[in-house]
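Everything below belongs to work36.txt, which stores compact mmCIF, C-alpha atoms and all ligand atoms.
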# COMPACT_ATOMS: atom_id res chain seq x y z
CA MET A 1 -23.06 -17.39 -28.93
CA GLU A 2 -24.92 -20.59 -28.33
CA ASN A 3 -21.95 -22.78 -29.18
CA ASP A 4 -19.74 -21.09 -26.54
CA TRP A 5 -21.46 -23.12 -23.86
CA GLN A 6 -19.22 -25.82 -22.36
CA THR A 7 -20.19 -28.84 -20.31
CA ILE A 8 -19.26 -28.19 -16.69
CA LEU A 9 -20.93 -31.25 -15.22
CA SER A 10 -22.89 -33.92 -17.03
CA LEU A 11 -24.98 -36.42 -15.07
CA GLY A 12 -26.90 -39.42 -16.32
CA ALA A 13 -29.79 -41.31 -14.77
CA GLU A 14 -31.93 -44.03 -16.27
CA GLY A 15 -33.43 -42.48 -19.36
CA GLY A 16 -32.29 -38.91 -19.02
CA SER A 17 -29.53 -36.50 -18.11
CA ILE A 18 -28.84 -33.23 -16.39
CA THR A 19 -26.08 -30.97 -17.64
CA LEU A 20 -24.67 -27.89 -16.01
CA LEU A 21 -23.35 -25.72 -18.81
CA GLY A 22 -20.96 -22.79 -18.50
CA LYS A 23 -19.82 -19.98 -20.72
CA GLU A 24 -16.74 -17.88 -20.04
CA GLN A 25 -17.37 -14.16 -20.60
CA HIS A 26 -14.81 -11.76 -22.00
CA SER A 27 -14.35 -10.57 -18.43
CA GLY A 28 -13.19 -14.05 -17.47
CA GLU A 29 -16.32 -14.50 -15.38
CA TRP A 30 -18.48 -17.55 -16.05
CA VAL A 31 -22.23 -17.74 -16.47
CA PHE A 32 -24.00 -21.05 -16.06
CA LYS A 33 -27.22 -22.70 -17.04
CA LYS A 34 -28.85 -26.06 -16.49
CA ALA A 35 -30.11 -28.36 -19.24
CA VAL A 36 -32.36 -31.25 -18.31
CA ASN A 37 -33.10 -33.46 -21.22
CA GLU A 38 -36.17 -35.48 -22.01
CA MET A 39 -37.22 -36.91 -18.67
CA ASN A 40 -38.76 -35.41 -15.62
CA PHE A 41 -36.44 -35.23 -12.67
CA ASP A 42 -39.00 -33.27 -10.76
CA ASP A 43 -40.12 -35.75 -8.19
CA LEU A 44 -36.92 -37.75 -7.92
CA GLU A 45 -36.73 -36.80 -4.32
CA ASP A 46 -39.70 -38.90 -3.31
CA GLU A 47 -41.31 -42.14 -4.52
CA SER A 48 -39.51 -42.16 -7.87
CA PHE A 49 -36.55 -43.66 -6.08
CA GLN A 50 -36.89 -47.34 -6.82
CA PRO A 51 -34.66 -49.26 -4.42
CA THR A 52 -32.68 -51.70 -6.54
CA LYS A 53 -31.16 -54.92 -5.33
CA SER A 54 -27.85 -53.07 -4.88
CA THR A 55 -27.38 -50.96 -1.79
CA GLU A 56 -27.69 -47.76 -3.76
CA LYS A 57 -31.06 -46.33 -4.73
CA VAL A 58 -31.18 -45.70 -8.47
CA CYS A 59 -33.26 -42.83 -9.80
CA THR A 60 -35.91 -44.04 -12.22
CA LEU A 61 -37.41 -41.23 -14.21
CA LYS A 62 -41.12 -40.74 -14.68
CA SER A 63 -42.30 -38.51 -17.46
CA PRO A 64 -40.62 -36.24 -20.03
CA ILE A 65 -40.42 -32.50 -19.44
CA SER A 66 -38.86 -29.84 -21.59
CA ASN A 67 -35.59 -28.17 -20.77
CA ARG A 68 -35.80 -25.71 -17.93
CA GLY A 69 -32.60 -23.70 -18.44
CA ASN A 70 -32.05 -20.98 -15.88
CA GLU A 71 -28.92 -19.02 -15.65
CA ALA A 72 -26.61 -18.43 -12.74
CA THR A 73 -23.89 -15.85 -12.58
CA SER A 74 -21.75 -17.44 -9.85
CA TRP A 75 -20.52 -20.96 -9.07
CA GLU A 76 -22.40 -20.99 -5.76
CA LYS A 77 -25.67 -20.21 -7.58
CA ALA A 78 -24.83 -22.59 -10.43
CA ILE A 79 -24.46 -25.62 -8.16
CA LYS A 80 -27.76 -24.58 -6.53
CA LEU A 81 -29.44 -25.12 -9.90
CA LEU A 82 -28.91 -28.82 -9.20
CA ASP A 83 -30.30 -28.68 -5.67
CA HIS A 84 -33.61 -29.82 -6.96
CA TYR A 85 -32.14 -33.19 -7.95
CA PRO A 86 -30.29 -35.90 -6.04
CA TRP A 87 -27.35 -35.12 -8.27
CA PRO A 88 -24.66 -36.85 -6.14
CA MET A 89 -26.68 -40.05 -6.59
CA LEU A 90 -26.74 -39.74 -10.39
CA ASN A 91 -24.14 -41.13 -12.75
CA PRO A 92 -21.34 -38.57 -13.29
CA ARG A 93 -20.26 -38.67 -16.92
CA GLU A 94 -18.11 -35.56 -17.42
CA VAL A 95 -16.56 -32.81 -15.28
CA HIS A 96 -14.91 -29.77 -16.87
CA PRO A 97 -11.17 -29.79 -15.94
CA ALA A 98 -11.35 -26.20 -14.70
CA PHE A 99 -14.17 -27.11 -12.30
CA ARG A 100 -12.99 -30.47 -10.95
CA LYS A 101 -12.03 -29.21 -7.49
CA ARG A 102 -15.19 -27.13 -7.15
CA VAL A 103 -17.43 -30.01 -8.16
CA TRP A 104 -15.53 -32.29 -5.76
CA SER A 105 -15.93 -29.90 -2.83
CA ALA A 106 -19.63 -29.35 -3.65
CA LEU A 107 -20.01 -33.14 -3.69
CA GLN A 108 -18.23 -33.44 -0.34
CA LYS A 109 -20.72 -30.98 1.18
CA GLU A 110 -23.63 -33.06 -0.12
CA VAL A 111 -22.03 -36.33 1.01
CA LYS A 112 -21.47 -34.83 4.47
CA GLY A 113 -25.04 -33.62 4.39
CA LYS A 114 -28.09 -35.53 3.25
CA TYR A 115 -26.50 -38.15 0.98
CA GLY A 116 -23.75 -39.45 3.27
CA ASP A 117 -24.17 -43.17 3.41
CA ARG A 118 -26.55 -43.43 0.44
CA ILE A 119 -23.77 -43.24 -2.13
CA ASN A 120 -21.95 -46.53 -2.55
CA SER A 121 -18.18 -46.76 -3.01
CA TYR A 122 -18.57 -47.53 -6.73
CA ARG A 123 -20.32 -44.21 -7.30
CA LEU A 124 -17.79 -42.32 -5.10
CA LYS A 125 -14.94 -43.87 -7.03
CA LYS A 126 -16.56 -42.69 -10.29
CA TRP A 127 -16.81 -39.17 -8.86
CA SER A 128 -13.20 -39.16 -7.61
CA SER A 129 -11.87 -40.48 -10.94
CA LEU A 130 -13.59 -37.57 -12.76
CA CYS A 131 -12.81 -34.84 -10.21
CA LEU A 132 -9.38 -35.92 -9.02
CA PRO A 133 -7.90 -37.95 -11.90
CA GLU A 134 -4.40 -37.24 -10.64
CA TYR A 135 -5.09 -39.20 -7.45
CA SER A 136 -7.67 -41.80 -8.19
CA PRO A 137 -5.81 -44.88 -9.45
CA LYS A 138 -3.27 -44.59 -6.61
CA VAL A 139 -5.95 -43.85 -4.02
CA ASP A 140 -7.83 -46.86 -5.31
CA THR A 141 -4.73 -49.08 -4.98
CA LEU A 142 -4.02 -47.85 -1.46
CA SER A 143 -7.62 -48.46 -0.37
CA LYS A 144 -7.35 -52.07 -1.64
CA TRP A 145 -3.97 -52.63 0.05
CA LEU A 146 -5.34 -51.21 3.29
CA GLN A 147 -8.37 -53.50 3.24
CA ASN A 148 -6.28 -56.58 2.39
CA SER A 149 -3.50 -55.90 4.86
CA THR A 150 -3.38 -57.88 8.09
CA HIS A 151 -0.91 -55.59 9.91
CA THR A 152 -0.53 -51.93 8.95
CA THR A 153 1.79 -49.42 10.61
CA ILE A 154 1.70 -45.68 9.98
CA LEU A 155 4.76 -43.43 10.29
CA THR A 156 3.98 -39.72 10.50
CA GLY A 157 5.97 -36.50 10.54
CA ALA A 158 5.32 -32.81 10.84
CA GLY A 159 3.46 -32.76 7.51
CA MET A 160 0.61 -34.53 9.31
CA SER A 161 0.00 -31.38 11.38
CA THR A 162 0.46 -28.53 8.90
CA GLU A 163 -3.26 -28.75 8.06
CA SER A 164 -3.76 -27.93 11.74
CA ASN A 165 -1.74 -24.75 11.08
CA ILE A 166 1.38 -26.04 12.79
CA PRO A 167 4.52 -25.30 10.75
CA ASP A 168 6.67 -28.26 9.76
CA PHE A 169 10.44 -28.04 9.80
CA ARG A 170 11.92 -28.27 6.33
CA SER A 171 9.22 -26.95 3.96
CA LYS A 172 9.61 -23.41 2.72
CA GLU A 173 7.49 -22.07 5.57
CA GLY A 174 8.93 -24.57 8.10
CA TRP A 175 10.67 -23.78 11.38
CA TRP A 176 14.16 -24.54 10.14
CA ASN A 177 13.93 -21.89 7.43
CA ASN A 178 14.29 -19.07 9.92
CA ILE A 179 15.97 -20.92 12.77
CA ASP A 180 19.05 -23.13 12.65
CA PRO A 181 17.95 -26.35 14.43
CA ARG A 182 21.42 -26.74 15.88
CA THR A 183 20.90 -23.53 17.82
CA VAL A 184 17.64 -24.59 19.44
CA ALA A 185 16.82 -28.32 19.20
CA THR A 186 20.10 -29.72 20.56
CA THR A 187 21.57 -30.58 23.95
CA ASP A 188 24.23 -27.89 23.36
CA ALA A 189 21.50 -25.27 22.95
CA LEU A 190 19.88 -26.46 26.16
CA ARG A 191 23.22 -26.09 27.96
CA ASP A 192 24.73 -23.04 26.28
CA ASP A 193 21.84 -20.86 25.15
CA TYR A 194 18.91 -21.60 27.43
CA ASP A 195 17.16 -18.30 26.66
CA LEU A 196 16.95 -19.13 22.94
CA PHE A 197 16.05 -22.75 23.69
CA HIS A 198 13.33 -21.62 26.11
CA GLU A 199 12.00 -19.02 23.65
CA PHE A 200 11.75 -21.57 20.80
CA TYR A 201 9.91 -24.19 22.80
CA SER A 202 7.66 -21.69 24.64
CA MET A 203 6.60 -20.31 21.24
CA ARG A 204 5.74 -23.81 20.01
CA ILE A 205 3.91 -24.75 23.22
CA ASN A 206 1.79 -21.58 23.12
CA GLY A 207 1.25 -21.93 19.34
CA LEU A 208 -0.20 -25.40 19.85
CA LYS A 209 -2.89 -24.07 22.17
CA GLN A 210 -4.67 -22.46 19.21
CA CYS A 211 -4.53 -25.63 17.08
CA LYS A 212 -6.34 -28.94 16.99
CA PRO A 213 -6.10 -32.27 15.16
CA ASN A 214 -7.22 -32.21 11.53
CA ILE A 215 -9.25 -34.61 9.38
CA GLY A 216 -6.12 -36.69 8.74
CA HIS A 217 -5.61 -37.39 12.45
CA ASP A 218 -9.32 -38.18 12.82
CA ILE A 219 -9.31 -40.66 9.93
CA LEU A 220 -6.27 -42.52 11.29
CA ALA A 221 -8.01 -42.80 14.69
CA ASP A 222 -11.12 -44.12 12.94
CA TRP A 223 -9.08 -46.66 10.92
CA GLU A 224 -7.50 -47.95 14.15
CA GLN A 225 -11.00 -48.31 15.62
CA LYS A 226 -12.05 -50.30 12.54
CA GLY A 227 -8.95 -52.51 12.75
CA LEU A 228 -7.59 -51.17 9.44
CA ILE A 229 -4.34 -50.02 11.07
CA GLN A 230 -2.52 -51.40 14.09
CA ALA A 231 -0.03 -48.72 15.18
CA ILE A 232 1.18 -45.18 14.57
CA ALA A 233 4.86 -44.32 15.03
CA THR A 234 5.16 -40.56 14.99
CA GLN A 235 8.06 -38.11 14.93
CA ASN A 236 5.63 -35.43 16.05
CA VAL A 237 5.65 -34.12 19.59
CA ASP A 238 2.28 -32.30 19.38
CA GLY A 239 0.17 -35.14 20.78
CA PHE A 240 -2.48 -34.68 18.06
CA HIS A 241 -2.79 -38.40 17.26
CA THR A 242 -3.73 -38.98 20.92
CA LEU A 243 -6.10 -36.01 20.92
CA ALA A 244 -7.81 -37.37 17.79
CA GLY A 245 -8.46 -40.67 19.61
CA SER A 246 -5.70 -42.97 18.33
CA LYS A 247 -4.57 -45.38 21.03
CA ASN A 248 -1.55 -47.34 19.81
CA ILE A 249 0.93 -44.50 19.31
CA TYR A 250 4.72 -44.47 19.65
CA GLU A 251 6.20 -40.98 20.06
CA LEU A 252 9.70 -41.45 18.64
CA HIS A 253 10.74 -37.88 19.42
CA GLY A 254 8.94 -37.56 22.75
CA SER A 255 6.25 -35.09 23.72
CA ILE A 256 6.14 -31.32 24.04
CA HIS A 257 3.45 -31.74 26.68
CA LYS A 258 5.80 -33.39 29.19
CA PHE A 259 8.49 -31.53 31.19
CA ARG A 260 11.45 -32.47 33.33
CA CYS A 261 14.53 -31.02 34.92
CA GLY A 262 17.51 -31.08 32.53
CA ASN A 263 19.72 -31.80 35.52
CA CYS A 264 17.98 -34.27 37.85
CA ALA A 265 15.26 -35.42 35.40
CA MET A 266 12.50 -34.94 38.00
CA SER A 267 9.22 -34.26 36.19
CA ALA A 268 7.90 -30.67 36.11
CA GLU A 269 4.77 -28.77 35.07
CA GLU A 270 4.20 -26.80 31.86
CA GLU A 271 3.59 -23.56 33.71
CA ASP A 272 6.89 -23.97 35.60
CA PHE A 273 8.71 -24.34 32.26
CA LEU A 274 6.85 -21.43 30.65
CA SER A 275 7.51 -19.17 33.61
CA GLU A 276 11.23 -20.16 33.49
CA SER A 277 11.06 -21.46 37.05
CA ASN A 278 13.94 -23.67 38.06
CA CYS A 279 13.59 -27.26 39.21
CA LYS A 280 12.11 -27.27 42.70
CA TYR A 281 14.27 -30.27 43.67
CA CYS A 282 17.71 -29.22 42.45
CA GLY A 283 17.32 -25.76 40.99
CA GLY A 284 18.26 -27.05 37.52
CA LYS A 285 16.82 -25.75 34.26
CA LEU A 286 13.53 -27.24 33.01
CA ARG A 287 12.99 -28.62 29.48
CA PRO A 288 10.20 -30.24 27.43
CA GLY A 289 10.21 -34.04 27.08
CA VAL A 290 11.23 -33.92 23.42
CA VAL A 291 14.18 -35.80 21.90
CA LEU A 292 16.82 -33.25 20.96
CA PHE A 293 19.41 -33.79 18.23
CA GLY A 294 22.18 -35.91 19.67
CA GLU A 295 19.85 -37.58 22.18
CA MET A 296 18.83 -41.22 22.04
CA LEU A 297 15.22 -41.99 21.15
CA PRO A 298 13.03 -43.41 23.94
CA GLU A 299 14.07 -47.06 24.04
CA GLU A 300 10.53 -48.46 24.36
CA SER A 301 9.02 -46.27 21.61
CA TRP A 302 11.81 -47.21 19.22
CA ARG A 303 11.67 -50.91 20.03
CA ASP A 304 7.87 -51.17 19.78
CA SER A 305 7.76 -49.13 16.55
CA LEU A 306 10.37 -51.42 15.05
CA THR A 307 8.42 -54.51 16.12
CA HIS A 308 5.27 -53.22 14.39
CA ILE A 309 7.18 -52.18 11.27
CA GLN A 310 8.80 -55.63 11.01
CA LYS A 311 5.43 -57.35 11.48
CA SER A 312 3.69 -55.13 8.93
CA ASP A 313 2.59 -56.16 5.47
CA LEU A 314 1.79 -52.49 4.84
CA VAL A 315 3.66 -49.38 6.05
CA ILE A 316 2.19 -45.96 5.17
CA VAL A 317 4.56 -43.00 5.64
CA ILE A 318 2.77 -39.64 5.85
CA GLY A 319 4.08 -36.06 5.94
CA THR A 320 7.77 -36.48 6.63
CA SER A 321 10.92 -35.53 4.74
CA LEU A 322 12.61 -38.66 6.16
CA GLU A 323 15.71 -36.59 6.89
CA VAL A 324 16.01 -37.37 10.56
CA TYR A 325 17.74 -40.51 11.70
CA PRO A 326 16.93 -43.16 12.94
CA ALA A 327 13.16 -42.64 12.26
CA SER A 328 14.04 -42.25 8.58
CA GLN A 329 15.28 -45.85 8.53
CA LEU A 330 11.99 -47.43 9.66
CA PRO A 331 10.38 -47.73 6.18
CA LYS A 332 13.41 -49.73 5.05
CA MET A 333 12.94 -52.23 7.85
CA THR A 334 9.72 -53.83 6.67
CA ASN A 335 9.16 -56.66 4.20
CA GLY A 336 5.68 -55.29 3.59
CA LYS A 337 4.44 -52.87 0.95
CA THR A 338 5.49 -49.26 1.54
CA VAL A 339 3.47 -46.17 0.66
CA TYR A 340 4.63 -42.54 0.81
CA ILE A 341 2.04 -39.76 1.09
CA ASN A 342 3.70 -36.34 1.06
CA ALA A 343 3.21 -32.80 -0.25
CA GLU A 344 6.64 -33.10 -1.93
CA VAL A 345 7.66 -36.37 -3.53
CA ASP A 346 10.96 -36.61 -5.35
CA THR A 347 13.27 -39.26 -6.75
CA THR A 348 14.89 -39.86 -3.36
CA HIS A 349 11.66 -41.60 -2.45
CA HIS A 350 11.91 -44.01 -5.38
CA ASN A 351 12.10 -47.06 -3.12
CA PHE A 352 8.44 -46.86 -2.10
CA ASP A 353 5.95 -49.24 -3.72
CA LEU A 354 3.42 -46.41 -4.06
CA MET A 355 3.95 -42.62 -3.82
CA ILE A 356 1.03 -40.19 -3.67
CA GLU A 357 1.90 -36.50 -3.85
CA GLY A 358 -0.57 -34.24 -2.10
CA LYS A 359 -1.98 -33.12 1.22
CA ALA A 360 -2.31 -35.81 3.86
CA GLY A 361 -5.84 -34.80 4.95
CA GLU A 362 -7.14 -34.71 1.38
CA ILE A 363 -5.63 -38.04 0.37
CA LEU A 364 -6.65 -39.83 3.55
CA LYS A 365 -10.19 -38.55 2.99
CA LEU A 366 -10.25 -39.98 -0.54
CA VAL A 367 -8.94 -43.35 0.67
CA ASP A 368 -11.39 -43.28 3.57
CA GLU A 369 -14.30 -42.98 1.14
CA LEU A 370 -13.27 -46.22 -0.52
CA VAL A 371 -12.54 -48.44 2.50
C1 LIG B 401 19.98 -40.10 17.43
C2 LIG B 401 13.13 -32.08 18.44
C3 LIG B 401 21.42 -41.71 18.27
C4 LIG B 401 11.73 -32.32 18.82
C5 LIG B 401 13.91 -33.22 16.52
C6 LIG B 401 24.43 -37.54 10.01
C7 LIG B 401 23.77 -38.51 9.27
C8 LIG B 401 22.68 -39.19 9.80
C9 LIG B 401 22.23 -38.89 11.08
C10 LIG B 401 22.88 -37.93 11.80
C11 LIG B 401 23.96 -37.25 11.28
N1 LIG B 401 24.36 -36.35 12.21
C12 LIG B 401 23.56 -36.45 13.30
C13 LIG B 401 22.70 -37.41 13.07
C14 LIG B 401 21.65 -37.87 14.00
C15 LIG B 401 20.50 -36.88 14.03
C16 LIG B 401 19.97 -36.57 12.66
O1 LIG B 401 19.22 -37.36 12.11
N2 LIG B 401 20.33 -35.43 12.09
C17 LIG B 401 19.85 -35.16 10.74
C18 LIG B 401 19.11 -33.83 10.71
C19 LIG B 401 21.02 -35.25 9.78
N3 LIG B 401 19.50 -37.58 14.75
C20 LIG B 401 19.51 -37.51 16.08
O2 LIG B 401 20.26 -36.86 16.72
C21 LIG B 401 18.46 -38.39 16.75
N4 LIG B 401 19.09 -39.17 17.76
O3 LIG B 401 20.37 -40.27 16.30
O4 LIG B 401 20.36 -40.85 18.48
C22 LIG B 401 22.62 -40.85 18.39
C23 LIG B 401 22.85 -40.26 19.63
C24 LIG B 401 23.96 -39.47 19.74
C25 LIG B 401 24.79 -39.23 18.64
C26 LIG B 401 24.51 -39.78 17.38
C27 LIG B 401 23.42 -40.59 17.26
C28 LIG B 401 17.42 -37.51 17.38
C29 LIG B 401 16.42 -37.11 16.32
C30 LIG B 401 15.29 -36.25 16.93
C31 LIG B 401 15.68 -34.84 16.79
N5 LIG B 401 14.60 -33.98 17.27
N6 LIG B 401 13.19 -32.23 16.99
C32 LIG B 401 10.94 -31.17 18.29
O5 LIG B 401 11.28 -30.04 18.60
O6 LIG B 401 9.98 -31.46 17.54
S1 LIG B 401 13.91 -33.49 14.86
C33 LIG B 401 12.61 -32.74 14.07
O7 LIG B 401 12.60 -33.36 12.77
C34 LIG B 401 11.23 -33.04 14.62
O8 LIG B 401 11.19 -33.92 15.69
C35 LIG B 401 10.52 -33.67 13.40
O9 LIG B 401 9.51 -34.50 13.75
C36 LIG B 401 11.66 -34.37 12.82
C37 LIG B 401 11.50 -34.96 11.46
O10 LIG B 401 11.04 -33.94 10.58
P1 LIG B 401 9.72 -34.23 9.75
O11 LIG B 401 8.65 -34.65 10.66
O12 LIG B 401 10.05 -35.13 8.63
O13 LIG B 401 9.36 -32.77 9.25
P2 LIG B 401 9.92 -32.06 7.94
O14 LIG B 401 9.52 -30.64 8.01
O15 LIG B 401 11.35 -32.41 7.74
O16 LIG B 401 9.11 -32.77 6.76
C38 LIG B 401 7.71 -32.59 6.67
C39 LIG B 401 7.31 -33.09 5.30
O17 LIG B 401 5.89 -33.03 5.22
C40 LIG B 401 7.85 -32.24 4.17
O18 LIG B 401 8.41 -33.10 3.20
C41 LIG B 401 6.61 -31.53 3.60
O19 LIG B 401 6.67 -31.41 2.19
C42 LIG B 401 5.51 -32.48 3.98
N7 LIG B 401 4.20 -31.82 4.20
C43 LIG B 401 3.95 -30.60 4.72
N8 LIG B 401 2.61 -30.43 4.81
C44 LIG B 401 2.02 -31.56 4.34
C45 LIG B 401 3.04 -32.45 3.95
N9 LIG B 401 2.78 -33.66 3.43
C46 LIG B 401 1.47 -34.01 3.30
N10 LIG B 401 0.44 -33.21 3.66
C47 LIG B 401 0.69 -31.98 4.16
N11 LIG B 401 -0.37 -31.19 4.50
Show this structure as structure tokens.
Ligand code: BV8
Amino acid sequence: MENDWQTILSLGAEGGSITLLGKEQHSGEWVFKKAVNEMNFDDLEDESFQPTKSTEKVCTLKSPISNRGNEATSWEKAIKLLDHYPWPMLNPREVHPAFRKRVWSALQKEVKGKYGDRINSYRLKKWSSLCLPEYSPKVDTLSKWLQNSTHTTILTGAGMSTESNIPDFRSKEGWWNNIDPRTVATTDALRDDYDLFHEFYSMRINGLKQCKPNIGHDILADWEQKGLIQAIATQNVDGFHTLAGSKNIYELHGSIHKFRCGNCAMSAEEEDFLSESNCKYCGGKLRPGVVLFGEMLPEESWRDSLTHIQKSDLVIVIGTSLEVYPASQLPKMTNGKTVYINAEVDTTHHNFDLMIEGKAGEILKLVDELV
């Protein structure tokens, strides 16, 4: 029936509006149609764009046309009904709750494509508040804090790399769910069960070869370039912040890309470790340059991280359970504002000034659009 149609996306422009309507069938499938009211959007693509004094071009509409509803039987075809219009540039008024994520990802494609820098931050904020209401006020606050901060330090953990398909440690699909860390990531394991130790680290080294930094790493590297952040202290050993182009990085737990003899500490090559060769100087067993449980953190990395944290007026902690000492103490050692971005946020993190629950890459992308 006619009145079963629901507004999926409603867009305004000076003098008119475009609405994508949807109707859920008994089968649960949706059909869609477009309603364009009163004014002609036809030639918005060309000279009808009247540059206004603001940076964003506003669509001025020329002459009325009747509705041109045409139906679509899939979301992909439905969003194509809008292709004819510069819809990301129009004024978003309403997004159906069940379609928020799909509208947001369609918008991201357009922003990445032809509209990139033509949509100002005001318009993007409007879109994010309609599509991602659960994030937007916090994302907005963080973007303001980031822009106003004079010294910002980032602390990352394994949650920064799960979107690169690298398991973290303590989530349900993390490493420590199937392996007891005390049997592999400790000095005892290195001494008493080298085969298991070697197997665990070889698996991680080889697993890394298929992975690469994700959008979150890239954004942090870009923010350093722009002077928005000054340092990254990371518990991660994967080297992805470096690969993404960040420069000022402190690897609190060492690097899985460095190797040395566990006996004489002479440096060694990856292939020697992987092939279980012994140290060519003393015949000792080789190990990756990671900090095992019970080992001290690299003095310089710890000291420099602490210096940045103490100087910071903003510390952003991303993708870590904060269960491992002493890295877990760093956020408590700043007088600046503290922000926690994590897939799981619970009351133990109550002492942060701002907590945003969600995926690091997604949240950093939202903040990046506003800075
Ligand atoms: C030391 C090897 C001095 C490298 C690692 C009792 C109380 C307090 C402390 C201790 C204690 N007993 C022993 C200690 C000290 C011990 C410790 O802290 N133990 C803990 C577990 C109780 N610490 C040490 O031994 C440290 N050294 O203290 O030196 C000293 C010396 C001698 C004796 C005493 C003291 C050495 C710590 C380094 C240990 N090495 N691994 C490697 O193989 O990688 S620890 C291991 O955990 C990794 O290095 C990892 O980086 C680190 C921290 O884990 P996280 O990064 O936080 O990862 P986790 O999975 O836990 O969390 C990820 C989070 O991300 C999750 O919350 C998840 O929800 C979220 N997430 C997932 N995906 C996303 C996401 N969030 C956002 N977006 C996503 N997409």
Original post:
When the cut-off is 6 Å and you count only C-alpha atoms and all ligand atoms, which residues lie near ligand LIG 401 (chain B), shown as an MDAnalysis selection string?
Top reply: chainID A and resid 157:160 162:163 168:171 185 235:237 253 290:297 319:326 342:344 358:360
May I have the residues within 10 Å of Asn148 in chain A as a compact mmCIF listing (two decimals) with C-alpha atoms, in the coordinates of the input, using all atoms listed in the file and disregarding those fewer than 6 positions away in the same chain?
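And here is the file that came out, out14.txt:
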# COMPACT_ATOMS: atom_id res chain seq x y z
CA LEU A 142 -4.02 -47.85 -1.46
CA LEU A 228 -7.59 -51.17 9.44
CA ASP A 313 2.59 -56.16 5.47
CA LEU A 314 1.79 -52.49 4.84
Subject >> Minimum-distance residue to Val315 in chain A, chosen among A:Lys337, A:Arg93, A:Arg100, A:His26 (using only C-alpha atoms) >> reply: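 Smallest distance to Val315 in chain A is found for A:Lys337.
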Please define a box with edges along x, y and z of the file around all atoms of range 318-330 of chain A given in the file, extend it by 8 Å on each side, and return its centre and edge lengths in Å to one decimal, as AutoDock Vina command-line options.
--center_x 10.3 --center_y -41.5 --center_z 8.8 --size_x 31.0 --size_y 27.9 --size_z 24.2
Original post:
Quick one: residues within 7 Å of range 103-111 of chain A, all atoms listed in the file counted, chain neighbours fewer than 4 positions away excluded, as a PyMOL selection string?
Top reply: chain A and resi 88+99+115-116+131
Original post:
Which residue, A:Leu364, A:Leu330, A:Met203, A:Leu82, has the smallest gap to Ile215 in chain A when you use only C-alpha atoms?
Top reply: A:Leu364
Original post:
So which residues touch range 192-194 of chain A within 10 Å, counting all atoms listed in the file, skipping near sequence neighbours fewer than 6 positions away, as a ChimeraX atom specification?
Top reply: /A:183-184,186,200,276,285-287
Write the residues you've just listed into a file as an mmCIF file, keeping the file's coordinate frame, and include C-alpha atoms for each of them.
data_model
loop_
_atom_site.group_PDB
_atom_site.id
_atom_site.type_symbol
_atom_site.label_atom_id
_atom_site.label_comp_id
_atom_site.auth_asym_id
_atom_site.auth_seq_id
_atom_site.Cartn_x
_atom_site.Cartn_y
_atom_site.Cartn_z
ATOM 1 C CA THR A 183 20.900 -23.530 17.820
ATOM 2 C CA VAL A 184 17.640 -24.590 19.440
ATOM 3 C CA THR A 186 20.100 -29.720 20.560
ATOM 4 C CA PHE A 200 11.750 -21.570 20.800
ATOM 5 C CA GLU A 276 11.230 -20.160 33.490
ATOM 6 C CA LYS A 285 16.820 -25.750 34.260
ATOM 7 C CA LEU A 286 13.530 -27.240 33.010
ATOM 8 C CA ARG A 287 12.990 -28.620 29.480
#
Subject >> Atom pair CA of Trp75 in chain A / CA of Trp5 in chain A: separation (Å) >> reply: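 Atom-to-atom, CA of Trp75 in chain A and CA of Trp5 in chain A are spaced 15.0 Å apart.
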Subject >> Ref. answer, residues at most 12 Å from (-12.1, -48.8, 12.6) with all atoms listed in the file, as a ChimeraX atom specification >> reply: /A:146-147,218-230,245-247,368,371
Take the residues from that selection and put them in a file with C-alpha atoms, as a short mmCIF file (atom, residue, chain, number, x, y, z; two decimals), keeping the file's coordinate frame.
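again20.cif written:
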data_model
loop_
_atom_site.label_atom_id
_atom_site.label_comp_id
_atom_site.auth_asym_id
_atom_site.auth_seq_id
_atom_site.Cartn_x
_atom_site.Cartn_y
_atom_site.Cartn_z
CA LEU A 146 -5.34 -51.21 3.29
CA GLN A 147 -8.37 -53.50 3.24
CA ASP A 218 -9.32 -38.18 12.82
CA ILE A 219 -9.31 -40.66 9.93
CA LEU A 220 -6.27 -42.52 11.29
CA ALA A 221 -8.01 -42.80 14.69
CA ASP A 222 -11.12 -44.12 12.94
CA TRP A 223 -9.08 -46.66 10.92
CA GLU A 224 -7.50 -47.95 14.15
CA GLN A 225 -11.00 -48.31 15.62
CA LYS A 226 -12.05 -50.30 12.54
CA GLY A 227 -8.95 -52.51 12.75
CA LEU A 228 -7.59 -51.17 9.44
CA ILE A 229 -4.34 -50.02 11.07
CA GLN A 230 -2.52 -51.40 14.09
CA GLY A 245 -8.46 -40.67 19.61
CA SER A 246 -5.70 -42.97 18.33
CA LYS A 247 -4.57 -45.38 21.03
CA ASP A 368 -11.39 -43.28 3.57
CA VAL A 371 -12.54 -48.44 2.50
#
Subject >> d(CA of Ile316 in chain A, CA of Lys172 in chain A) in Å >> reply: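 Computing it gives 23.9 Å between the two atoms.
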**OP:** Using only C-alpha atoms, pick whichever of A:Arg191, A:His350, A:Lys101, A:Lys365 has the shortest atom-to-atom distance to Pro133 in chain A.
**Re:**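 Using only C-alpha atoms, the shortest distance to Pro133 in chain A belongs to A:Lys101.
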Original post:
Distance CA of His217 in chain A-CA of Ala244 in chain A, one decimal place?
Top reply: 5.8 Å
